[in-house]
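Structure file upload.tsv (TSV, C-alpha atoms) follows.
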```tsv
chain	number	residue	atom	x	y	z
A	1	MET	CA	31.37	8.83	-6.41
A	2	LEU	CA	27.65	8.66	-7.19
A	3	LYS	CA	25.75	11.66	-5.85
A	4	THR	CA	23.36	9.36	-4.02
A	5	GLU	CA	26.34	7.90	-2.11
A	6	MET	CA	27.85	11.22	-1.04
A	7	ARG	CA	27.53	12.66	2.47
A	8	ASN	CA	25.07	15.48	2.90
A	9	GLU	CA	26.81	18.48	4.46
A	10	LYS	CA	23.57	19.57	6.14
A	11	THR	CA	23.31	16.36	8.15
A	12	THR	CA	26.85	15.50	9.22
A	13	HIS	CA	25.66	15.73	12.85
A	14	LEU	CA	22.37	13.93	12.24
A	15	ASP	CA	22.91	11.69	15.26
A	16	GLN	CA	23.01	14.73	17.54
A	17	MET	CA	19.84	16.41	16.29
A	18	THR	CA	16.60	16.61	18.22
A	19	PRO	CA	13.55	14.82	16.79
A	20	LEU	CA	12.19	18.16	15.56
A	21	GLU	CA	15.51	19.05	13.92
A	22	ILE	CA	15.61	15.67	12.19
A	23	CYS	CA	12.09	16.18	10.85
A	24	GLU	CA	12.89	19.72	9.75
A	25	VAL	CA	16.01	18.80	7.80
A	26	MET	CA	14.32	15.79	6.21
A	27	ASN	CA	11.38	17.92	5.16
A	28	GLU	CA	13.71	20.56	3.74
A	29	GLU	CA	15.66	17.98	1.78
A	30	ASN	CA	12.46	16.36	0.52
A	31	MET	CA	11.81	19.54	-1.44
A	32	ASN	CA	14.74	18.56	-3.65
A	33	SER	CA	12.78	15.51	-4.80
A	34	VAL	CA	10.15	17.76	-6.35
A	35	LEU	CA	12.75	20.04	-7.94
A	36	ALA	CA	14.61	17.05	-9.38
A	37	VAL	CA	11.44	15.72	-10.99
A	38	GLU	CA	10.67	19.16	-12.41
A	39	LYS	CA	13.99	19.24	-14.25
A	40	ALA	CA	13.28	15.82	-15.75
A	41	LEU	CA	9.77	16.63	-17.02
A	42	PRO	CA	10.67	16.62	-20.76
A	43	GLN	CA	11.99	13.06	-20.49
A	44	ILE	CA	9.08	11.99	-18.30
A	45	ALA	CA	6.68	13.34	-20.93
A	46	LEU	CA	8.41	11.25	-23.60
A	47	ALA	CA	7.92	8.18	-21.42
A	48	VAL	CA	4.24	9.03	-20.86
A	49	GLU	CA	3.77	9.31	-24.62
A	50	ALA	CA	5.47	5.95	-25.16
A	51	ALA	CA	3.39	4.30	-22.42
A	52	THR	CA	0.20	5.71	-23.90
A	53	LYS	CA	1.03	4.28	-27.32
A	54	ALA	CA	1.93	0.89	-25.89
A	55	ILE	CA	-1.28	0.56	-23.85
A	56	ALA	CA	-3.48	1.97	-26.63
A	57	ALA	CA	-2.12	-0.73	-28.93
A	58	GLY	CA	-3.09	-3.46	-26.47
A	59	GLY	CA	0.32	-3.74	-24.83
A	60	LYS	CA	1.39	-3.28	-21.25
A	61	MET	CA	3.72	-1.22	-19.09
A	62	VAL	CA	6.00	-3.13	-16.76
A	63	TYR	CA	8.02	-1.66	-13.91
A	64	ILE	CA	11.07	-3.56	-12.71
A	65	GLY	CA	13.54	-2.86	-9.94
A	66	ALA	CA	15.24	-4.16	-6.82
A	67	GLY	CA	14.52	-3.20	-3.23
A	68	THR	CA	12.71	0.11	-2.77
A	69	SER	CA	12.63	0.67	-6.53
A	70	GLY	CA	10.87	-2.63	-7.12
A	71	ARG	CA	8.41	-2.07	-4.28
A	72	LEU	CA	7.43	1.36	-5.56
A	73	GLY	CA	6.76	-0.08	-9.01
A	74	ILE	CA	4.53	-2.75	-7.52
A	75	ILE	CA	2.60	-0.16	-5.50
A	76	ASP	CA	1.90	1.99	-8.54
A	77	ALA	CA	0.96	-0.97	-10.75
A	78	SER	CA	-1.37	-2.52	-8.17
A	79	GLU	CA	-3.35	0.70	-7.85
A	80	CYS	CA	-4.14	1.02	-11.57
A	81	PRO	CA	-6.96	-1.58	-11.80
A	82	PRO	CA	-9.16	-0.09	-9.05
A	83	THR	CA	-8.42	3.49	-10.13
A	84	PHE	CA	-8.70	3.12	-13.89
A	85	GLY	CA	-10.60	-0.13	-14.40
A	86	VAL	CA	-7.81	-1.82	-16.34
A	87	ASP	CA	-6.70	-5.44	-16.11
A	88	TYR	CA	-3.94	-6.31	-13.67
A	89	GLU	CA	-1.80	-7.22	-16.69
A	90	THR	CA	-1.97	-3.71	-18.18
A	91	VAL	CA	0.45	-2.21	-15.66
A	92	MET	CA	2.67	-4.65	-13.79
A	93	GLY	CA	5.44	-4.47	-11.22
A	94	ILE	CA	8.35	-6.89	-10.80
A	95	ILE	CA	10.81	-6.93	-7.90
A	96	ALA	CA	14.17	-8.69	-7.92
A	97	GLY	CA	13.98	-11.89	-5.89
A	98	GLY	CA	10.23	-12.33	-6.27
A	99	LYS	CA	7.21	-11.49	-4.13
A	100	GLU	CA	8.96	-12.29	-0.86
A	101	ARG	CA	11.18	-9.24	-1.41
A	102	VAL	CA	8.19	-6.95	-1.08
A	103	PHE	CA	8.30	-7.74	2.64
A	104	ARG	CA	11.86	-8.94	3.26
A	105	ALA	CA	14.92	-7.24	1.81
A	106	GLY	CA	17.42	-9.22	-0.23
A	107	GLU	CA	20.22	-6.86	-1.15
A	108	GLY	CA	22.13	-9.32	-3.34
A	109	ASP	CA	19.23	-9.69	-5.79
A	110	GLU	CA	20.08	-6.50	-7.65
A	111	ASP	CA	23.44	-7.91	-8.75
A	112	ARG	CA	22.01	-10.82	-10.74
A	113	TYR	CA	21.89	-9.76	-14.40
A	114	GLU	CA	20.56	-13.09	-15.64
A	115	ASN	CA	17.62	-12.97	-13.24
A	116	GLY	CA	16.55	-9.69	-14.79
A	117	VAL	CA	16.65	-11.32	-18.21
A	118	ASN	CA	14.67	-14.34	-17.04
A	119	ASP	CA	12.03	-12.32	-15.22
A	120	VAL	CA	10.94	-10.49	-18.38
A	121	LYS	CA	11.69	-12.77	-21.32
A	122	ASP	CA	8.43	-14.74	-21.11
A	123	LEU	CA	6.36	-11.79	-19.91
A	124	LEU	CA	7.01	-9.11	-22.49
A	125	ASN	CA	5.83	-8.87	-26.07
A	126	PRO	CA	7.03	-6.58	-28.87
A	127	GLY	CA	5.56	-3.13	-28.38
A	128	ASP	CA	5.29	-3.35	-24.60
A	129	LEU	CA	7.00	-0.73	-22.42
A	130	LEU	CA	9.52	-1.63	-19.72
A	131	VAL	CA	10.50	0.89	-17.04
A	132	GLY	CA	13.74	-0.09	-15.30
A	133	ILE	CA	14.13	1.60	-11.90
A	134	SER	CA	17.40	1.91	-9.98
A	135	ALA	CA	18.26	4.89	-7.79
A	136	ALA	CA	21.99	4.35	-8.17
A	137	GLY	CA	21.49	3.39	-11.80
A	138	GLY	CA	23.78	0.40	-11.88
A	139	ALA	CA	21.69	-2.56	-10.74
A	140	ALA	CA	22.74	-5.45	-12.98
A	141	TYR	CA	19.30	-7.03	-12.54
A	142	VAL	CA	17.65	-3.98	-14.07
A	143	VAL	CA	20.24	-3.71	-16.85
A	144	GLY	CA	19.54	-7.32	-17.77
A	145	ALA	CA	15.80	-6.69	-17.91
A	146	ILE	CA	16.20	-3.58	-20.07
A	147	GLU	CA	18.55	-5.27	-22.52
A	148	GLU	CA	16.29	-8.32	-22.83
A	149	ALA	CA	13.27	-6.07	-23.35
A	150	LYS	CA	15.05	-4.28	-26.18
A	151	ARG	CA	15.94	-7.63	-27.76
A	152	ILE	CA	12.25	-8.59	-27.65
A	153	GLY	CA	11.24	-5.33	-29.34
A	154	CYS	CA	9.95	-3.27	-26.42
A	155	ILE	CA	10.41	0.40	-25.73
A	156	THR	CA	12.57	0.85	-22.64
A	157	VAL	CA	12.74	3.60	-20.01
A	158	SER	CA	15.26	4.04	-17.22
A	159	LEU	CA	14.59	5.90	-13.98
A	160	SER	CA	17.50	6.80	-11.72
A	161	SER	CA	18.89	9.54	-9.51
A	162	ASN	CA	22.38	9.59	-11.02
A	163	SER	CA	23.51	10.50	-14.52
A	164	ASP	CA	25.69	8.52	-16.93
A	165	THR	CA	24.71	5.16	-15.43
A	166	ALA	CA	24.39	1.66	-16.85
A	167	ILE	CA	20.59	1.71	-17.01
A	168	GLU	CA	20.60	5.16	-18.63
A	169	LYS	CA	22.93	3.91	-21.36
A	170	ALA	CA	20.83	0.80	-21.93
A	171	ALA	CA	17.41	2.46	-22.21
A	172	ASP	CA	15.67	4.24	-25.09
A	173	ILE	CA	14.37	7.00	-22.81
A	174	ALA	CA	16.39	8.01	-19.76
A	175	ILE	CA	14.79	9.80	-16.81
A	176	VAL	CA	17.32	11.15	-14.31
A	177	CYS	CA	16.05	12.84	-11.16
A	178	ASP	CA	19.14	14.33	-9.51
A	179	THR	CA	18.06	14.32	-5.87
A	180	GLY	CA	21.61	14.61	-4.55
A	181	ALA	CA	23.07	13.32	-1.28
A	182	GLU	CA	20.61	11.71	1.09
A	183	VAL	CA	19.92	12.90	4.65
A	184	LEU	CA	21.12	9.46	5.77
A	185	THR	CA	24.11	8.71	3.57
A	186	GLY	CA	23.27	6.27	0.80
A	187	SER	CA	19.71	5.61	1.98
A	188	THR	CA	17.99	6.04	-1.38
A	189	ARG	CA	14.60	5.02	0.02
A	190	LEU	CA	14.45	8.70	1.05
A	191	LYS	CA	14.75	11.52	-1.52
A	192	ALA	CA	15.50	9.22	-4.44
A	193	GLY	CA	12.54	7.03	-3.53
A	194	ASN	CA	10.31	10.09	-3.30
A	195	SER	CA	11.23	11.13	-6.82
A	196	GLN	CA	10.60	7.63	-8.15
A	197	LYS	CA	7.10	7.62	-6.68
A	198	PHE	CA	6.36	11.01	-8.24
A	199	VAL	CA	7.53	9.85	-11.66
A	200	LEU	CA	5.63	6.56	-11.55
A	201	ASN	CA	2.47	8.48	-10.62
A	202	MET	CA	2.98	10.60	-13.73
A	203	LEU	CA	3.67	7.63	-16.01
A	204	SER	CA	0.61	5.61	-15.05
A	205	THR	CA	-1.79	8.52	-14.68
A	206	GLY	CA	-0.60	10.16	-17.89
A	207	ALA	CA	-0.94	6.92	-19.84
A	208	MET	CA	-4.43	6.31	-18.48
A	209	ILE	CA	-5.51	9.83	-19.39
A	210	GLY	CA	-4.07	9.32	-22.86
A	211	THR	CA	-5.99	6.09	-23.37
A	212	GLY	CA	-9.38	7.50	-22.34
A	213	LYS	CA	-9.60	6.21	-18.78
A	214	VAL	CA	-10.32	9.71	-17.44
A	215	TYR	CA	-13.24	12.08	-18.09
A	216	GLU	CA	-12.27	15.72	-17.44
A	217	ASN	CA	-10.46	15.15	-14.12
A	218	MET	CA	-12.60	12.26	-12.91
A	219	MET	CA	-12.06	8.51	-12.76
A	220	ILE	CA	-14.62	7.37	-15.32
A	221	ASN	CA	-13.65	3.68	-14.96
A	222	LEU	CA	-13.61	3.57	-11.16
A	223	LYS	CA	-14.91	0.35	-9.61
A	224	PRO	CA	-17.22	0.62	-6.53
A	225	SER	CA	-15.37	-2.07	-4.61
A	226	ASN	CA	-15.95	-0.62	-1.12
A	227	ILE	CA	-18.19	1.88	0.66
A	228	LYS	CA	-15.87	4.82	0.07
A	229	LEU	CA	-15.51	4.08	-3.65
A	230	ARG	CA	-19.24	3.47	-4.02
A	231	GLY	CA	-19.84	6.98	-2.76
A	232	ARG	CA	-17.20	8.36	-5.10
A	233	VAL	CA	-18.79	6.58	-8.08
A	234	ILE	CA	-22.14	8.16	-7.19
A	235	ARG	CA	-20.60	11.63	-6.89
A	236	ILE	CA	-18.73	11.31	-10.19
A	237	THR	CA	-21.87	10.19	-12.01
A	238	SER	CA	-23.89	12.96	-10.38
A	239	ALA	CA	-21.35	15.58	-11.45
A	240	ILE	CA	-21.16	14.39	-15.06
A	241	LEU	CA	-24.91	14.01	-15.54
A	242	GLY	CA	-25.83	17.10	-13.54
A	243	CYS	CA	-28.33	15.22	-11.40
A	244	ASP	CA	-28.63	14.67	-7.66
A	245	GLU	CA	-26.91	11.73	-6.03
A	246	ALA	CA	-30.11	9.78	-5.46
A	247	ARG	CA	-30.87	9.88	-9.18
A	248	ALA	CA	-27.27	8.99	-10.00
A	249	GLU	CA	-27.49	5.91	-7.77
A	250	VAL	CA	-30.68	4.75	-9.51
A	251	LEU	CA	-29.06	5.12	-12.92
A	252	LEU	CA	-25.91	3.34	-11.80
A	253	GLU	CA	-27.99	0.40	-10.55
A	254	LYS	CA	-29.62	0.28	-13.97
A	255	HIS	CA	-26.25	0.04	-15.71
A	256	GLY	CA	-24.43	-2.31	-13.39
A	257	TRP	CA	-22.57	0.40	-11.52
A	258	ASN	CA	-20.56	1.21	-14.62
A	259	ILE	CA	-19.97	4.98	-14.78
A	260	ARG	CA	-19.06	5.01	-18.46
A	261	ALA	CA	-22.12	2.98	-19.49
A	262	THR	CA	-24.35	5.13	-17.32
A	263	VAL	CA	-23.05	8.37	-18.82
A	264	GLU	CA	-23.13	7.10	-22.40
A	265	ASN	CA	-26.73	5.93	-22.08
A	266	GLU	CA	-28.20	8.61	-19.85
A	267	LYS	CA	-26.51	11.86	-20.71
```
Please express what this file holds, its structure, as structure tokens.
Amino acid sequence: MLKTEMRNEKTTHLDQMTPLEICEVMNEENMNSVLAVEKALPQIALAVEAATKAIAAGGKMVYIGAGTSGRLGIIDASECPPTFGVDYETVMGIIAGGKERVFRAGEGDEDRYENGVNDVKDLLNPGDLLVGISAAGGAAYVVGAIEEAKRIGCITVSLSSNSDTAIEKAADIAIVCDTGAEVLTGSTRLKAGNSQKFVLNMLSTGAMIGTGKVYENMMINLKPSNIKLRGRVIRITSAILGCDEARAEVLLEKHGWNIRATVENEK
């Protein structure tokens, strides 16, 4: 039996716990998500390196999954343009069953191998990176996408919470975060989902650092698309140039609120 499908001995009486006890055991078990990611860091680093190379060469990174896995990929991809100033096509997320499945579950979608093939065959180009995400590791939809991506000439990564799975065998780089049995048996939106979010954060952030989208530990390509971000852009520019915020705002106005252009021309 897959570890993610096993019963957790700590929670066999989950239905009899108090609200505080439920929160305590969930919090305790969530720690295993972090430990599982830690053990997979060498493989995650390989994937970061591959993503960096793909994006630096003008390619893209595409996440694909079903259910929670697909939603998490979409979340991470959608946050890259405002954070790093990249196009929406640089990091993309695909969910089995299409956009409707972001809001409404469709559990049968993960079983359709051919849909995985079709969803990537006209999207990917040689040299792109595909990250196939499946907590259990056996989603036929994700296997189809990975195998089609390899046929096209892409680098492929698998992300799962079980070892020796179909997506692991199909991918060039296999990331396995062994989060173990869930608090609620089989509910991989919990610990397994946590680990997926952690890994996707590392992949996108690492690739953006590697392709020059970060200065020191600051978002050099940040877009001032709301009041909060406008203030952050001013503070970043002030910190880099060593001037007060009023001066930073004047200089940003001069250079179209582009941090990089402001720093390059005024430092």
Using only C-alpha atoms, tabulate the residues of segment 144-205 of chain A lying at most 12 Å from any atom of segment 79-98 of chain A, each with its closest atom pair and that distance in Å to one decimal, by chain and increasing residue number, as JSON lines.
```
{"residue": "A:Gly144", "atom": "CA", "partner": "A:Ala96", "partner_atom": "CA", "distance": 11.3}
{"residue": "A:Ala145", "atom": "CA", "partner": "A:Ile94", "partner_atom": "CA", "distance": 10.3}
{"residue": "A:Leu200", "atom": "CA", "partner": "A:Val91", "partner_atom": "CA", "distance": 11.0}
{"residue": "A:Asn201", "atom": "CA", "partner": "A:Cys80", "partner_atom": "CA", "distance": 10.0}
{"residue": "A:Leu203", "atom": "CA", "partner": "A:Val91", "partner_atom": "CA", "distance": 10.4}
{"residue": "A:Ser204", "atom": "CA", "partner": "A:Cys80", "partner_atom": "CA", "distance": 7.5}
{"residue": "A:Thr205", "atom": "CA", "partner": "A:Cys80", "partner_atom": "CA", "distance": 8.5}
```
One-decimal distance in Å that lies between atom CA of Ala40 of chain A and atom CA of Gly65 of chain A: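 Taking atom CA of Gly65 of chain A and atom CA of Ala40 of chain A, their separation equals 19.6 Å.
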Contact residues around segment 99-101 of chain A with only C-alpha atoms at 9 Å, ignoring same-chain residues under 4 positions, as an MDAnalysis selection string: chainID A and resid 66:67 70:71 94:95 105:106
Closest of A:Val176, A:Ala45, A:Leu129, A:Val37 to Gly153 of chain A - atom-to-atom distances counting all atoms listed in the file: A:Leu129
All residues 12 Å or closer to segment 197-199 of chain A, only C-alpha atoms, same chain fewer than 6 positions away omitted, as a count of residues only: 43
Atom-to-atom span, atom CA of Val183 of chain A and atom CA of Gly137 of chain A, Å: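 Interatomic distance, atom CA of Val183 of chain A to atom CA of Gly137 of chain A: 19.1 Å.
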Top pick for closest residue to Val142 of chain A, considering A:Leu184, A:Ile64, A:Ala56, A:Leu123 and counting all atoms listed in the file: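 Among A:Leu184, A:Ile64, A:Ala56, A:Leu123, it is A:Ile64 that comes nearest to Val142 of chain A.
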Spatial neighbours of Thr11 of chain A, 12 Å, all atoms listed in the file, chain gap at least 5 places, as a PyMOL selection string: chain A and resi 6+16-17+21-26+28-29+181-185
Pairwise distance for atom CA of Lys121 of chain A and atom CA of Glu148 of chain A, rounded to one decimal in Å: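 That distance, rounded to one decimal, is 6.6 Å.
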